[in-house]
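Have a look at the structure below before the remarks.
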Amino acid sequence: MALTGGYCESKLDSMPSAASLPTTVDAGNFPPIIQGGMGVGISGWKLARAVSRCGQLGVVSGTALDLLLTRRLQQGDPGGDLRRALRHFPLPGTAERILSRYFIEGGKPAAAPFRTPPMISHRPAKATRELVMASAFAAIHLAKEGHDGLVGLNLLEKIQTPALDVLFGAMLAGVDVVLVGAGIPRQIPGILDDFAEGRRAEMRLDVTGSTEPVLIDLDPARFMTPRQPGRPLFLAIVSSPVLAENLRRKASGRVDGFVVESATAGGHNAPPRGPMQLTDEGEPVYGLRDHVEPGKFAKIGLPFWLAGGYADPGKLLEARAAGANGIQVGTAFALCEESGFEPALKARIISSILDRKLSIRTAANASPTGFPFKIAQVPDTLADSAIYRDRARVCDLGVLREAYRKPDGGIGFRCSAEPVDSYLAKGGDAEKALGRMCLCNSLCASAGIGQMRGGCEEPPLVTLGDDFEVIRRFIPHGRSTYTAADVVRVLTGE
Ligand SMILES: Cc1cc2nc3c(=O)[nH]c(=O)nc-3n(C[C@H](O)[C@H](O)[C@H](O)COP(=O)(O)O)c2cc1C
């Protein structure tokens, strides 16, 4: 039996446009396959657009979009896509300001460092806010170009300071679905409601050591946009039915469904239930309590998609039989032609999988978020302990910084992967700094926008799910690469 979404190519004409966003997840019409959001830049607009064109839900990663935009502009914006998208951004003068600061005709010299926008704090300057909004707008605008399929935006709850601006920019471009994981995204649904009603939205920032609420806000009226965006659907990415039920009942607005992610998925994973136990290799031990039971999610009564090791033709039917609407797939799409991995790195990863040389480690303490993080053991990346040791710690992007209350009452920001001395001086815990990796710089390098320091590029880092062997079945006979459409075709059984 072939499974497709209601939005397959033949039904493009009847699909919702930005002006008429879906208001509920209509199980008969909503795509059965969600392409997982993959940061930094792995699920960029090219991948999301390719997946949406196949009638499935293409998802743009909302992580570090300001860095992606400004660095790609400094690489000359080959093809002019970003400049074309920026021309549609509705806040007057913003596109010109961004282009005059970051665009380099023909691209910067290869060895020259990138100019980096300011780190985003709880009180960002107006120019920073506009840059973040414009970068989210451009990514969603491009992902939606040339088709009527649905496009989603993925955010990590842990990355709070730019969240309001990213959401607003994405909504201005007509994003259809917002998906948020890595934390408990209670506040996001209400924010989407506020923006859709043209109201000022507030977000309470998590601040270590603070009992006083610290709020970030965004008032659409301040940005004088002529457009009133529609309210996208909201899917929370969870791994426990208790958390899902809690979100359904207590979130600040409507939750439309869940992506249920198991610990085999690429990227960050939820920590194991109960006290953290590690194997001799330092990997978290997951037990029976961590096993996803679809029946428990079905009882909640909202649509859900299963994620983590589902990129197998039979698995979509299996998920549907278990009560799920479909599946979310990351790793399989991460290595297709349209994904944002730097091309030579992508080719190396694919050939090491085909040669059966790749392995994946779940690192308990590499990510500054504190969540377990899957690391592909690819040579010449930060996964190599010698390369990790040789890299001098530097924190100049600050996407994963933690906000903390300073002794003088002010708000400070620190990252457990920053230079240890400065982390400790900010009251950081020495144990937390051990083995931490700078995901900001290394994941940017994986997407081909690594910073140059003294003529050398930052080392990349690759995350993939445990189920990476599946890519073999997507590569057509006689080829060494595959497309997003190949993945969709195999998974839907067409
Ligand atoms: C390269 C890569 C990056 C990822 N980054 C994110 C991310 O930024 N946010 C997120 O919610 N999930 C992220 N994920 C998880 C995927 O969205 C998806 O849920 C997961 O990959 C599904 O499991 P699979 O890898 O077995 O298909 C990432 C996965 C990969 C492979």
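Residues in the structure tokens are named by chain (A, B, ... in the order shown) and by number from 1 within that chain; ligands are numbered from 1 in the order shown.
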
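Residues surrounding Ala263 of chain A within 10 Å are Ser239, His268, Asn269, Ala270, Pro271, Pro272, Pro284, Tyr286, Asp290, His291, Val292, Ala307, Gly308, Gly309, Thr362, Pro372, Phe373, Lys374, Gly465 and Asp466 of chain A [only C-alpha atoms; sequence separation below 5 positions excluded].
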
Closest-contact table, segment 237-337 of chain A side, partner segment 221-233 of chain A, 12 Å, counting only C-alpha atoms, as a Markdown table:
| residue | atom | partner | partner_atom | distance |
| --- | --- | --- | --- | --- |
| A:Gly253 | CA | A:Leu233 | CA | 10.8 |
| A:Arg254 | CA | A:Leu233 | CA | 8.4 |
| A:Val255 | CA | A:Leu233 | CA | 7.7 |
| A:Asp256 | CA | A:Leu233 | CA | 6.0 |
| A:Gly257 | CA | A:Leu233 | CA | 8.5 |
| A:Phe258 | CA | A:Leu233 | CA | 10.9 |
| A:Pro303 | CA | A:Leu233 | CA | 11.7 |

- [ ] With a distance cut-off of 8 Å and only C-alpha atoms, select the neighbouring residues of Gly44 of chain A, excluding the residue or stretch itself and same-chain residues fewer than 2 positions from it, and output the selection as a PyMOL selection string.
- [x] chain A and resi 38+41-42+46-48+59-61+139+143+339-340

- [ ] Would you please give, as a VMD selection string, all residues of segment 289-473 of chain A that DSSP assigns to alpha helix (DSSP H) based on the backbone?
- [x] chain A and resid 294 to 298 313 to 321 331 to 334 343 to 354 385 to 390 420 to 425 430 to 433 439 to 446

Open item on the list: 6 Å from ligand 1 is the threshold here; counting only C-alpha atoms and all ligand atoms, which polymer residues fall inside it? Answer as a ChimeraX atom specification.
Closed with: /A:36-39,61,156,181,264-267,307-311,328-331,334,463-465,467

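The nearest approach to Asp396 of chain A among the residues A:Val151, A:Ile216, A:Met119, A:Met171, with only C-alpha atoms taken into account, belongs to A:Met119.
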
TODO: Return the single residue from A:Ala324, A:Ala319, A:Leu278, A:Val470 that is closest to Lys299 of chain A, with distances computed using only C-alpha atoms.
DONE: A:Ala324

TODO: Give me the residues within 8 Å of segment 161-169 of chain A as a list in words, counting only C-alpha atoms and dropping any in the same chain fewer than 5 places off.
DONE: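 With the cut-off at 8 Å, the set is Gly62, Ile120, Ser121, His122, Arg129, Glu130, Val132, Met133, Ala134, Ser135, Ala136, Phe137, Leu155, Ile191, Leu192, Phe195, Ala201, Met203, Leu205, Ile216, Asp217 and Leu218 of chain A.
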
Task: Shell around segment 98-115 of chain A at 9 Å using only C-alpha atoms, local window under 2 positions removed, as a ChimeraX atom specification - done: /A:69-78,83,86,93-96,117,127,130-131,134,449-457

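Shortest atom-to-atom contact with Thr483 of chain A among A:Val285, A:Leu142, A:Leu397, A:Ala332: A:Ala332, counting only C-alpha atoms.
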
Open item on the list: Based on the backbone DSSP call, show me all residues of segment 206-244 of chain A assigned strand (DSSP E or B), as a list in words.
Closed with: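 So, restricting segment 206-244 of chain A to strand (DSSP E or B), we get Val207, Thr208, Val214, Leu215, Ile216, Asp217, Leu218, Leu233, Phe234, Leu235, Ala236, Ile237 and Val238 of chain A.
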
Task: Between atom CA of Cys336 of chain A and atom CA of Arg356 of chain A - distance in Å to one decimal - done: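 One can read the atom CA of Arg356 of chain A to atom CA of Cys336 of chain A distance as 18.1 Å.
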